[in-house]
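The structure file start.cif is reproduced below (mmCIF, C-alpha atoms).
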```cif
data_protein
loop_
_atom_site.group_PDB
_atom_site.id
_atom_site.type_symbol
_atom_site.label_atom_id
_atom_site.label_comp_id
_atom_site.auth_asym_id
_atom_site.auth_seq_id
_atom_site.Cartn_x
_atom_site.Cartn_y
_atom_site.Cartn_z
ATOM 1 C CA MET T 38 13.790 -6.973 -35.129
ATOM 2 C CA ALA T 39 11.076 -9.663 -35.050
ATOM 3 C CA THR T 40 11.845 -10.407 -31.401
ATOM 4 C CA ARG T 41 11.635 -6.718 -30.555
ATOM 5 C CA VAL T 42 8.261 -6.341 -32.292
ATOM 6 C CA ILE T 43 6.797 -9.455 -30.667
ATOM 7 C CA SER T 44 7.939 -8.291 -27.218
ATOM 8 C CA ALA T 45 6.331 -4.904 -27.813
ATOM 9 C CA LEU T 46 3.045 -6.478 -28.923
ATOM 10 C CA VAL T 47 2.932 -8.755 -25.885
ATOM 11 C CA ALA T 48 3.606 -5.760 -23.618
ATOM 12 C CA MET T 49 0.858 -3.756 -25.347
ATOM 13 C CA VAL T 50 -1.698 -6.541 -24.889
ATOM 14 C CA PHE T 51 -0.739 -6.892 -21.235
ATOM 15 C CA GLY T 52 -0.900 -3.119 -20.739
ATOM 16 C CA ALA T 53 -4.320 -2.928 -22.391
ATOM 17 C CA GLY T 54 -5.590 -5.586 -20.009
ATOM 18 C CA VAL T 55 -4.262 -3.704 -17.003
ATOM 19 C CA LEU T 56 -5.894 -0.459 -18.145
ATOM 20 C CA TYR T 57 -9.184 -2.250 -18.783
ATOM 21 C CA PHE T 58 -9.238 -3.384 -15.155
ATOM 22 C CA SER T 59 -7.638 -0.179 -13.833
ATOM 23 C CA ASP T 60 -10.666 0.663 -11.693
ATOM 24 C CA SER T 61 -9.885 -2.384 -9.573
ATOM 25 C CA ILE T 62 -6.916 -3.380 -7.435
ATOM 26 C CA VAL T 63 -5.262 -4.823 -10.574
ATOM 27 C CA LEU T 64 -3.525 -1.503 -11.290
ATOM 28 C CA ASN T 65 -2.004 -1.409 -7.801
ATOM 29 C CA ILE T 66 -0.862 -5.033 -8.058
ATOM 30 C CA VAL T 67 0.885 -4.333 -11.364
ATOM 31 C CA LEU T 68 2.498 -1.153 -10.021
ATOM 32 C CA SER T 69 3.715 -3.131 -7.018
ATOM 33 C CA ALA T 70 5.258 -5.771 -9.277
ATOM 34 C CA LEU T 71 6.872 -3.131 -11.498
ATOM 35 C CA SER T 72 8.288 -1.356 -8.430
ATOM 36 C CA ALA T 73 9.878 -4.593 -7.276
ATOM 37 C CA LEU T 74 11.242 -5.320 -10.748
ATOM 38 C CA GLY T 75 12.685 -1.830 -11.183
ATOM 39 C CA LEU T 76 14.230 -1.966 -7.726
ATOM 40 C CA PHE T 77 15.806 -5.352 -8.429
ATOM 41 C CA GLU T 78 17.367 -4.109 -11.681
ATOM 42 C CA LEU T 79 18.748 -0.919 -10.153
ATOM 43 C CA LEU T 80 20.115 -2.579 -7.007
ATOM 44 C CA ARG T 81 21.692 -5.334 -9.079
ATOM 45 C CA ALA T 82 23.294 -2.780 -11.404
ATOM 46 C CA ASN T 83 25.062 -1.123 -8.481
ATOM 47 C CA LYS T 84 25.859 -4.422 -6.724
ATOM 48 C CA CYS T 85 23.671 -3.709 -3.699
ATOM 49 C CA LEU T 86 21.744 -7.001 -3.537
ATOM 50 C CA GLN T 87 24.430 -8.560 -1.331
ATOM 51 C CA TYR T 88 23.287 -6.467 1.640
ATOM 52 C CA ARG T 89 20.394 -8.727 2.594
ATOM 53 C CA PHE T 90 18.657 -6.808 5.401
ATOM 54 C CA ILE T 91 18.836 -3.453 3.602
ATOM 55 C CA THR T 92 17.613 -5.063 0.392
ATOM 56 C CA VAL T 93 14.678 -6.828 2.058
ATOM 57 C CA ILE T 94 13.460 -3.604 3.679
ATOM 58 C CA SER T 95 13.739 -1.807 0.326
ATOM 59 C CA PHE T 96 11.639 -4.482 -1.384
ATOM 60 C CA ILE T 97 9.000 -4.483 1.360
ATOM 61 C CA TYR T 98 8.630 -0.720 1.033
ATOM 62 C CA SER T 99 8.487 -0.779 -2.780
ATOM 63 C CA ILE T 100 5.961 -3.620 -2.911
ATOM 64 C CA ALA T 101 3.738 -2.123 -0.206
ATOM 65 C CA MET T 102 3.550 1.502 -1.353
ATOM 66 C CA PRO T 103 1.106 1.045 -4.268
ATOM 67 C CA PHE T 104 -1.370 -0.343 -1.725
ATOM 68 C CA VAL T 105 -0.563 2.349 0.853
ATOM 69 C CA HIS T 106 -1.446 4.957 -1.775
ATOM 70 C CA MET T 107 -4.941 3.480 -1.968
ATOM 71 C CA CYS T 108 -5.723 5.143 1.352
ATOM 72 C CA LYS T 109 -5.274 8.517 -0.400
ATOM 73 C CA ASP T 110 -4.022 10.062 2.834
ATOM 74 C CA PRO T 111 -0.772 12.060 2.346
ATOM 75 C CA LEU T 112 0.009 11.852 6.063
ATOM 76 C CA ILE T 113 -0.045 8.048 6.065
ATOM 77 C CA ILE T 114 2.077 7.934 2.900
ATOM 78 C CA GLN T 115 4.631 10.314 4.418
ATOM 79 C CA THR T 116 4.662 8.384 7.696
ATOM 80 C CA VAL T 117 5.403 5.084 5.964
ATOM 81 C CA THR T 118 8.197 6.719 3.950
ATOM 82 C CA VAL T 119 9.776 8.327 7.016
ATOM 83 C CA ALA T 120 9.574 5.003 8.867
ATOM 84 C CA PHE T 121 11.286 3.313 5.920
ATOM 85 C CA VAL T 122 14.164 5.804 5.962
ATOM 86 C CA ILE T 123 14.641 5.441 9.729
ATOM 87 C CA ILE T 124 14.646 1.638 9.521
ATOM 88 C CA MET T 125 17.175 1.774 6.670
ATOM 89 C CA PHE T 126 19.552 3.911 8.733
ATOM 90 C CA ALA T 127 19.072 1.618 11.729
ATOM 91 C CA GLY T 128 19.844 -1.390 9.547
ATOM 92 C CA TYR T 129 23.012 0.325 8.354
ATOM 93 C CA PHE T 130 24.422 -0.034 11.880
ATOM 94 C CA PHE T 131 24.847 -3.763 11.202
ATOM 95 C CA VAL T 132 26.412 -3.570 7.747
ATOM 96 C CA HIS T 133 28.426 -0.332 7.852
ATOM 97 C CA LYS T 134 31.723 -2.231 7.749
ATOM 98 C CA LYS T 135 30.776 -3.830 4.415
ATOM 99 C CA MET T 136 28.543 -1.185 2.863
ATOM 100 C CA ASN T 137 29.692 2.368 2.131
ATOM 101 C CA VAL T 138 27.408 5.301 2.809
ATOM 102 C CA GLU T 139 26.964 6.102 -0.891
ATOM 103 C CA LYS T 140 25.293 2.733 -1.430
ATOM 104 C CA LEU T 141 23.119 3.285 1.626
ATOM 105 C CA PHE T 142 21.749 6.508 0.176
ATOM 106 C CA TYR T 143 21.354 4.774 -3.192
ATOM 107 C CA THR T 144 19.259 1.997 -1.639
ATOM 108 C CA ILE T 145 17.111 4.627 0.107
ATOM 109 C CA LEU T 146 16.677 6.989 -2.830
ATOM 110 C CA ILE T 147 15.840 4.359 -5.464
ATOM 111 C CA PRO T 148 12.829 2.797 -3.665
ATOM 112 C CA VAL T 149 11.432 6.227 -2.760
ATOM 113 C CA PHE T 150 11.908 7.505 -6.324
ATOM 114 C CA LEU T 151 10.365 4.403 -7.904
ATOM 115 C CA SER T 152 7.445 4.514 -5.495
ATOM 116 C CA TYR T 153 6.719 8.189 -6.048
ATOM 117 C CA SER T 154 7.042 7.932 -9.817
ATOM 118 C CA LEU T 155 5.032 4.775 -10.442
ATOM 119 C CA ASN T 156 2.344 5.676 -7.936
ATOM 120 C CA SER T 157 1.914 8.986 -9.757
ATOM 121 C CA LEU T 158 0.238 6.887 -12.451
ATOM 122 C CA TYR T 159 -2.285 5.622 -9.891
ATOM 123 C CA GLU T 160 -2.862 9.118 -8.534
ATOM 124 C CA MET T 161 -3.444 10.483 -12.040
ATOM 125 C CA HIS T 162 -5.980 7.728 -12.604
ATOM 126 C CA GLU T 163 -7.830 8.751 -9.458
ATOM 127 C CA MET T 164 -7.643 12.534 -9.868
ATOM 128 C CA SER T 165 -10.128 12.823 -12.747
ATOM 129 C CA ASP T 166 -13.784 13.176 -11.751
ATOM 130 C CA ALA T 167 -14.746 13.100 -15.437
ATOM 131 C CA GLY T 168 -13.278 9.628 -15.998
ATOM 132 C CA HIS T 169 -10.160 10.678 -17.901
ATOM 133 C CA GLY T 170 -7.833 8.634 -15.658
ATOM 134 C CA VAL T 171 -6.930 5.966 -18.212
ATOM 135 C CA VAL T 172 -6.195 8.675 -20.796
ATOM 136 C CA PHE T 173 -3.867 10.424 -18.361
ATOM 137 C CA ILE T 174 -1.904 7.186 -17.902
ATOM 138 C CA LEU T 175 -1.721 6.654 -21.666
ATOM 139 C CA LEU T 176 -0.504 10.213 -22.186
ATOM 140 C CA ALA T 177 2.199 9.742 -19.550
ATOM 141 C CA LEU T 178 3.431 6.649 -21.384
ATOM 142 C CA CYS T 179 3.182 8.376 -24.767
ATOM 143 C CA GLY T 180 4.952 11.449 -23.434
ATOM 144 C CA ALA T 181 7.989 9.246 -22.838
ATOM 145 C CA TRP T 182 7.892 6.760 -25.688
ATOM 146 C CA ILE T 183 6.535 8.894 -28.556
ATOM 147 C CA ALA T 184 9.159 11.531 -27.775
ATOM 148 C CA ASP T 185 11.950 8.964 -27.907
ATOM 149 C CA THR T 186 10.724 7.480 -31.201
ATOM 150 C CA SER T 187 10.133 10.825 -32.918
ATOM 151 C CA ALA T 188 13.490 12.134 -31.695
ATOM 152 C CA TYR T 189 15.189 9.041 -33.140
ATOM 153 C CA PHE T 190 13.687 9.470 -36.605
ATOM 154 C CA THR T 191 14.183 13.238 -36.652
ATOM 155 C CA GLY T 192 17.788 12.795 -35.594
ATOM 156 C CA THR T 193 18.346 10.064 -38.171
ATOM 157 C CA PHE T 194 17.326 12.319 -41.067
ATOM 158 C CA PHE T 195 18.288 15.780 -39.810
ATOM 159 C CA GLY T 196 20.643 15.276 -36.885
ATOM 160 C CA LYS T 197 24.025 17.013 -37.167
ATOM 161 C CA HIS T 198 24.827 18.258 -33.672
ATOM 162 C CA LYS T 199 25.303 15.858 -30.757
ATOM 163 C CA LEU T 200 23.181 16.476 -27.665
ATOM 164 C CA CYS T 201 25.206 14.599 -25.014
ATOM 165 C CA PRO T 202 27.921 12.644 -26.845
ATOM 166 C CA ASP T 203 29.605 11.392 -23.667
ATOM 167 C CA ILE T 204 26.356 9.850 -22.368
ATOM 168 C CA SER T 205 24.313 8.951 -25.444
ATOM 169 C CA PRO T 206 26.282 9.404 -28.692
ATOM 170 C CA LYS T 207 23.264 8.860 -30.970
ATOM 171 C CA LYS T 208 21.098 11.652 -29.545
ATOM 172 C CA THR T 209 21.173 14.940 -31.444
ATOM 173 C CA ILE T 210 19.936 18.466 -30.780
ATOM 174 C CA GLU T 211 17.822 18.315 -33.937
ATOM 175 C CA GLY T 212 16.297 15.023 -32.815
ATOM 176 C CA PHE T 213 15.564 16.469 -29.389
ATOM 177 C CA ALA T 214 13.813 19.489 -30.933
ATOM 178 C CA GLY T 215 11.840 17.253 -33.280
ATOM 179 C CA GLY T 216 10.770 15.104 -30.344
ATOM 180 C CA LEU T 217 9.480 18.154 -28.475
ATOM 181 C CA ILE T 218 7.395 19.459 -31.365
ATOM 182 C CA PHE T 219 6.043 16.092 -32.504
ATOM 183 C CA THR T 220 5.064 15.050 -28.966
ATOM 184 C CA GLY T 221 3.229 18.343 -28.433
ATOM 185 C CA LEU T 222 1.306 17.844 -31.672
ATOM 186 C CA PHE T 223 0.664 14.194 -30.810
ATOM 187 C CA PHE T 224 -0.909 15.172 -27.484
ATOM 188 C CA ILE T 225 -3.312 17.514 -29.295
ATOM 189 C CA ALA T 226 -4.205 14.892 -31.924
ATOM 190 C CA PHE T 227 -4.622 12.155 -29.315
ATOM 191 C CA ASN T 228 -6.887 14.320 -27.173
ATOM 192 C CA VAL T 229 -8.992 15.387 -30.153
ATOM 193 C CA VAL T 230 -9.564 11.774 -31.207
ATOM 194 C CA TYR T 231 -10.352 10.779 -27.618
ATOM 195 C CA VAL T 232 -12.913 13.566 -27.236
ATOM 196 C CA LYS T 233 -14.540 12.837 -30.601
ATOM 197 C CA ILE T 234 -14.982 9.125 -29.877
ATOM 198 C CA PHE T 235 -15.056 8.520 -26.137
ATOM 199 C CA ALA T 236 -15.767 11.822 -24.351
ATOM 200 C CA LYS T 237 -18.149 13.702 -26.598
ATOM 201 C CA THR T 238 -19.270 16.065 -23.840
ATOM 202 C CA ALA T 239 -15.701 17.287 -23.279
ATOM 203 C CA SER T 240 -13.481 19.555 -25.354
ATOM 204 C CA VAL T 241 -9.717 19.873 -25.759
ATOM 205 C CA ASN T 242 -7.683 22.724 -24.312
ATOM 206 C CA PHE T 243 -5.129 22.911 -27.110
ATOM 207 C CA ILE T 244 -2.425 25.115 -25.594
ATOM 208 C CA PRO T 245 -2.122 23.214 -22.273
ATOM 209 C CA SER T 246 -2.143 19.923 -24.204
ATOM 210 C CA PHE T 247 0.608 21.075 -26.570
ATOM 211 C CA PHE T 248 2.876 22.388 -23.831
ATOM 212 C CA LEU T 249 2.289 19.288 -21.720
ATOM 213 C CA GLY T 250 3.481 17.122 -24.607
ATOM 214 C CA MET T 251 6.559 19.265 -25.210
ATOM 215 C CA ILE T 252 7.586 19.391 -21.557
ATOM 216 C CA CYS T 253 6.999 15.649 -21.103
ATOM 217 C CA ALA T 254 9.277 15.026 -24.091
ATOM 218 C CA ALA T 255 12.015 17.163 -22.541
ATOM 219 C CA ILE T 256 11.706 15.549 -19.117
ATOM 220 C CA GLY T 257 11.571 12.090 -20.668
ATOM 221 C CA THR T 258 14.875 12.806 -22.388
ATOM 222 C CA ILE T 259 16.394 13.705 -19.020
ATOM 223 C CA GLY T 260 15.141 10.383 -17.676
ATOM 224 C CA ASP T 261 16.588 8.486 -20.623
ATOM 225 C CA LEU T 262 19.973 10.182 -20.297
ATOM 226 C CA SER T 263 19.993 9.620 -16.532
ATOM 227 C CA ALA T 264 19.433 5.884 -16.998
ATOM 228 C CA SER T 265 22.160 5.792 -19.662
ATOM 229 C CA LEU T 266 24.535 7.498 -17.248
ATOM 230 C CA ILE T 267 23.755 4.969 -14.511
ATOM 231 C CA LYS T 268 24.461 2.110 -16.936
ATOM 232 C CA ARG T 269 27.754 3.680 -17.946
ATOM 233 C CA GLN T 270 28.756 4.174 -14.309
ATOM 234 C CA CYS T 271 27.837 0.561 -13.532
ATOM 235 C CA ASN T 272 29.461 -0.803 -16.727
ATOM 236 C CA ILE T 273 26.352 -2.580 -18.007
ATOM 237 C CA LYS T 274 24.647 -2.484 -21.403
ATOM 238 C CA ASP T 275 21.066 -3.153 -20.272
ATOM 239 C CA PHE T 276 19.339 -3.297 -16.903
ATOM 240 C CA GLY T 277 17.842 -6.713 -17.667
ATOM 241 C CA LYS T 278 16.423 -9.102 -20.244
ATOM 242 C CA ILE T 279 12.769 -9.373 -19.254
ATOM 243 C CA MET T 280 11.711 -7.860 -22.608
ATOM 244 C CA PRO T 281 13.679 -9.619 -25.371
ATOM 245 C CA GLY T 282 14.990 -7.078 -27.830
ATOM 246 C CA HIS T 283 14.324 -4.184 -25.458
ATOM 247 C CA GLY T 284 16.233 -5.023 -22.297
ATOM 248 C CA GLY T 285 14.899 -4.705 -18.785
ATOM 249 C CA PHE T 286 12.056 -2.812 -17.172
ATOM 250 C CA MET T 287 14.274 0.210 -16.564
ATOM 251 C CA ASP T 288 15.382 0.252 -20.193
ATOM 252 C CA ARG T 289 11.754 0.864 -21.209
ATOM 253 C CA PHE T 290 10.437 2.856 -18.254
ATOM 254 C CA ASP T 291 13.370 5.151 -17.459
ATOM 255 C CA SER T 292 11.654 8.086 -19.186
ATOM 256 C CA VAL T 293 8.226 7.243 -17.762
ATOM 257 C CA LEU T 294 9.593 7.454 -14.217
ATOM 258 C CA PHE T 295 10.460 11.103 -14.826
ATOM 259 C CA VAL T 296 7.412 12.010 -16.907
ATOM 260 C CA ALA T 297 4.699 10.568 -14.623
ATOM 261 C CA PRO T 298 5.288 12.686 -11.479
ATOM 262 C CA PHE T 299 5.692 15.863 -13.537
ATOM 263 C CA MET T 300 2.495 15.178 -15.450
ATOM 264 C CA LYS T 301 0.596 14.616 -12.214
ATOM 265 C CA MET T 302 1.723 18.031 -10.969
ATOM 266 C CA TYR T 303 0.941 19.688 -14.321
ATOM 267 C CA LEU T 304 -2.589 18.302 -14.339
ATOM 268 C CA SER T 305 -3.084 19.664 -10.842
ATOM 269 C CA PHE T 306 -2.643 23.182 -12.214
ATOM 270 C CA PHE T 307 -3.821 22.995 -15.832
ATOM 271 C CA ASP T 308 -6.805 21.290 -17.462
ATOM 272 C CA ILE T 309 -6.200 19.658 -20.821
ATOM 273 C CA PHE T 310 -9.922 18.924 -21.135
ATOM 274 C CA ALA T 311 -12.791 21.349 -20.599
#
```
Target encoding structure tokens, full file:
Amino acid sequence: MATRVISALVAMVFGAGVLYFSDSIVLNIVLSALSALGLFELLRANKCLQYRFITVISFIYSIAMPFVHMCKDPLIIQTVTVAFVIIMFAGYFFVHKKMNVEKLFYTILIPVFLSYSLNSLYEMHEMSDAGHGVVFILLALCGAWIADTSAYFTGTFFGKHKLCPDISPKKTIEGFAGGLIFTGLFFIAFNVVYVKIFAKTASVNFIPSFFLGMICAAIGTIGDLSASLIKRQCNIKDFGKIMPGHGGFMDRFDSVLFVAPFMKMYLSFFDIFA
């Protein structure tokens, strides 16, 4: 338990530093590093690292995309992604006797998914003219982690019916419902405190904030279950050991990868601050 707490505190201090310098290239550098780390863990889990050329191209794409997104031009971003896919298929010509097509599509999908998800955090940071970008990133993280924590405690005390016993035996329907409600309420409370202290000229739109929290909790659960399913398919317990007591990057960010792109889309349609 002590190791787990210390790891969490170190991660929080590091995260606070990144957010403090988020208006600089620091955010993109960190997202690039996290993309590479997530890619390494997922390719290793499915034993894809042995295909050197395919792996190198995947890493180049994942590391580069956070900086490509700085141009804020969708056409350039799409062009780089299409070029990546074409190069991956061309590279497959040289390894097709050793590498099955399922692993090819895996090594294409994972970098694109990681890039789109993690760079949604950068795009959320940039989409607010009123300076709410850091808050949007924090809410995306909270939408994943607060939901998981509240679902755990609700399920511990009230859980009776299993949610997905074959994938995650400890998750319950009652815990899932508790996570939805608590995360919705947390989003409202968080936004109210933020407005009262840091953005006194703004006000909170309560209904959009509440529903955003609830939906993020639901989507985060899908992300968590998806990662658990991948681990079961690959016969591994954790994706890594970079965070002692927690596991790897993917063990902590599996939910965030699903929440972030949804939240970016949600904020494009609904304002949680007025």
Could you list, as a ChimeraX atom specification, every residue within 10 Å of segment 251-267 of chain T, counting only C-alpha atoms and ignoring same-chain residues fewer than 4 positions away? /T:79,82-83,176-185,187-188,201,203-205,208,213-224,245-247,271-276,287-297,299-300,303
So which one's closest to Leu56 of chain T, T:Gly284, T:Gly170, T:Val149, T:Ser154? Using all atoms listed in the file, please.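 Ranked by minimum distance to Leu56 of chain T, first place goes to T:Gly170.
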Using only C-alpha atoms, which of T:Thr209, T:Thr92, T:Asn156, T:Ser99 sits nearest Val132 of chain T?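 So, comparing all the options, the nearest one is T:Thr92.
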Identify all residues satisfying the PyMOL selection byres ((chain T and resi 97) around 12) in the given file; provide them as number ranges by chain. T: 69-70, 72-73, 76-77, 90-96, 98-105, 117-118, 121, 124-125, 148-149, 152
Point-to-point distance from atom CA of Glu211 of chain T to atom CA of Gly196 of chain T, Å rounded to tenths: 5.1 Å
How many Å separate atom CA of Glu139 of chain T from atom CA of Gln270 of chain T?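 That distance, rounded to one decimal, is 13.7 Å.
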Can you turn the PyMOL selection byres ((chain T and resi 282) around 10) into a concrete residue list for this file, as a ChimeraX atom specification? /T:38-45,278-281,283-285
Could you state the separation of atom CA of Ala239 of chain T and atom CA of Phe310 of chain T in Å, given to one decimal place?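 Taking atom CA of Ala239 of chain T as the start and atom CA of Phe310 of chain T as the end point, the length is 6.4 Å.
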Write out as a ChimeraX atom specification which residues come within 9 Å of Lys207 of chain T when counting all atoms listed in the file, dropping same-chain ones fewer than 4 positions away. /T:189,192-193,199-202
Distance criterion (only C-alpha atoms): nearest to Ile145 of chain T out of T:Val122, T:Leu68, T:Leu158, T:Val172: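 Of T:Val122, T:Leu68, T:Leu158, T:Val172, the one nearest Ile145 of chain T is T:Val122, counting only C-alpha atoms.
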Which is closer to Gln87 of chain T than all the others in T:Lys135, T:Gln115, T:His106, T:Gly277, using only C-alpha atoms?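 Looking at the shortest contact to Gln87 of chain T, the residue is T:Lys135.
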Closest to Ser59 of chain T among T:Asp308, T:Glu160, T:Glu78, T:Asp110, using all atoms listed in the file?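 Closest candidate: T:Glu160.
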Put the listed atoms of segment 43-55 of chain T in a box along x, y and z with 5 Å added on every side and give me the centre and edge lengths in Å to one decimal, as AutoDock Vina command-line options.
```
--center_x 1.2 --center_y -6.2 --center_z -23.8 --size_x 23.5 --size_y 16.5 --size_z 23.7
```
